[in-house]
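Novice: Sharing a structure with you now.
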Amino acid sequence: MVNVLMIEADKSLLQDVVKYLSDNVQCQVTKLSVPGEQRNILTFPNLEIRINEQTVYHNGIPIALTHYEFFTLLYLAQHPFWVLSKEQIYEAVWKADSEHCGAAVANVVCSLRRKIGDGYIETVVGSGYRFVREPEL
């Protein structure tokens, strides 16, 4: 009988936690919803990433990026202030096992910095990279 009561109590607690998380996530999704095409554009100071068009504008000027440059920038920009390892970036962008990523991510980040400036992607020594700009609302 005691075991049955403990199981029911655990089940009830779990249901409360799931409901709380569900309500919280729905609230966050509602806050992030943006009407129309704007949700497909990430805007930062002097930088605009148009996801559907796969184009980037820096100071209003279109910047030619390779496939890997665009998707690396997009991945970092979608996770501002997160420290992402080169392995995480490689797996997300190259869609391959990061075991042999070598200098690929470092080369792409270096190229991005040349094209859009140093002020967007920061190196976290021993850990990886992070996008350091706040999005404009």
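Chain labels follow the order of the structure tokens: the first chain is A, the next B, and so on; residue numbering restarts at 1 in every chain, and ligands are counted from 1 in their shown order.
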Give me, as a PyMOL selection string, all polymer residues having an atom no more than 9 Å from stretch 102-117 of chain A, counting only C-alpha atoms and skipping those fewer than 4 positions away in the same chain.
Specialist: chain A and resi 47+57-58+63-65+68-70+72-73+86-87+89-90+98+121+129
Novice: Taking 4 positions as the minimum chain separation for residues in the same chain, which residues sit within 12 Å of A:Glu53 when counting only C-alpha atoms? Answer as a PyMOL selection string.
Specialist: chain A and resi 37+40-42+48-49+57+62+70
Novice: Report, in Å to a single decimal, how far apart atom CA of A:Val93 and atom CA of A:Phe81 are.
Specialist: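 Calculated distance between atom CA of A:Phe81 and atom CA of A:Val93 is 18.1 Å.
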Novice: In Å, rounded to a single decimal, give me how far atom CA of A:Tyr120 is from atom CA of A:Gln78.
Specialist: 12.5 Å
Novice: Mind giving me the straight-line distance from atom CA of A:Phe44 to atom CA of A:Val56 in Å, one decimal?
Specialist: 11.1 Å
Novice: Out of A:Gln54, A:Val132, A:Cys101, A:Ala96, which residue has the shortest atom-to-atom distance to A:Leu76 when counting only C-alpha atoms?
Specialist: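 Among A:Gln54, A:Val132, A:Cys101, A:Ala96, it is A:Val132 that comes nearest to A:Leu76.
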Novice: Go through A:Asp97, A:Val83, A:Ala92, A:Gly60 and flag the residue nearest A:Gly128, using only C-alpha atoms for the distances.
Specialist: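 Closest to A:Gly128, using only C-alpha atoms: A:Val83.
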Novice: Which parts of stretch 58-123 of chain A does DSSP call strand (DSSP E) when run on the backbone here, written out as a ChimeraX atom specification?
Specialist: /A:58,61-63,121-123
Novice: Atoms to include: C-alpha atoms. Write the selected residues as a short mmCIF file (atom, residue, chain, number, x, y, z; two decimals), in the first residue's frame.
Specialist:
```cif
data_model
loop_
_atom_site.label_atom_id
_atom_site.label_comp_id
_atom_site.auth_asym_id
_atom_site.auth_seq_id
_atom_site.Cartn_x
_atom_site.Cartn_y
_atom_site.Cartn_z
CA HIS A 58 26.74 44.30 -43.11
CA ILE A 61 25.90 46.06 -48.00
CA PRO A 62 25.40 42.44 -49.12
CA ILE A 63 28.29 40.18 -48.08
CA ILE A 121 32.35 36.39 -32.97
CA GLU A 122 34.51 36.03 -29.89
CA THR A 123 37.01 33.26 -29.23
#
```
Novice: Identify, on the basis of only C-alpha atoms, every residue whose closest approach to A:Pro80 does not exceed 9 Å; exclude the query and any residue fewer than 4 positions from it along the same chain; express the result as a list in words.
Specialist: Leu76, Arg130, Phe131, Val132, Arg133, Glu134 and Pro135 of chain A
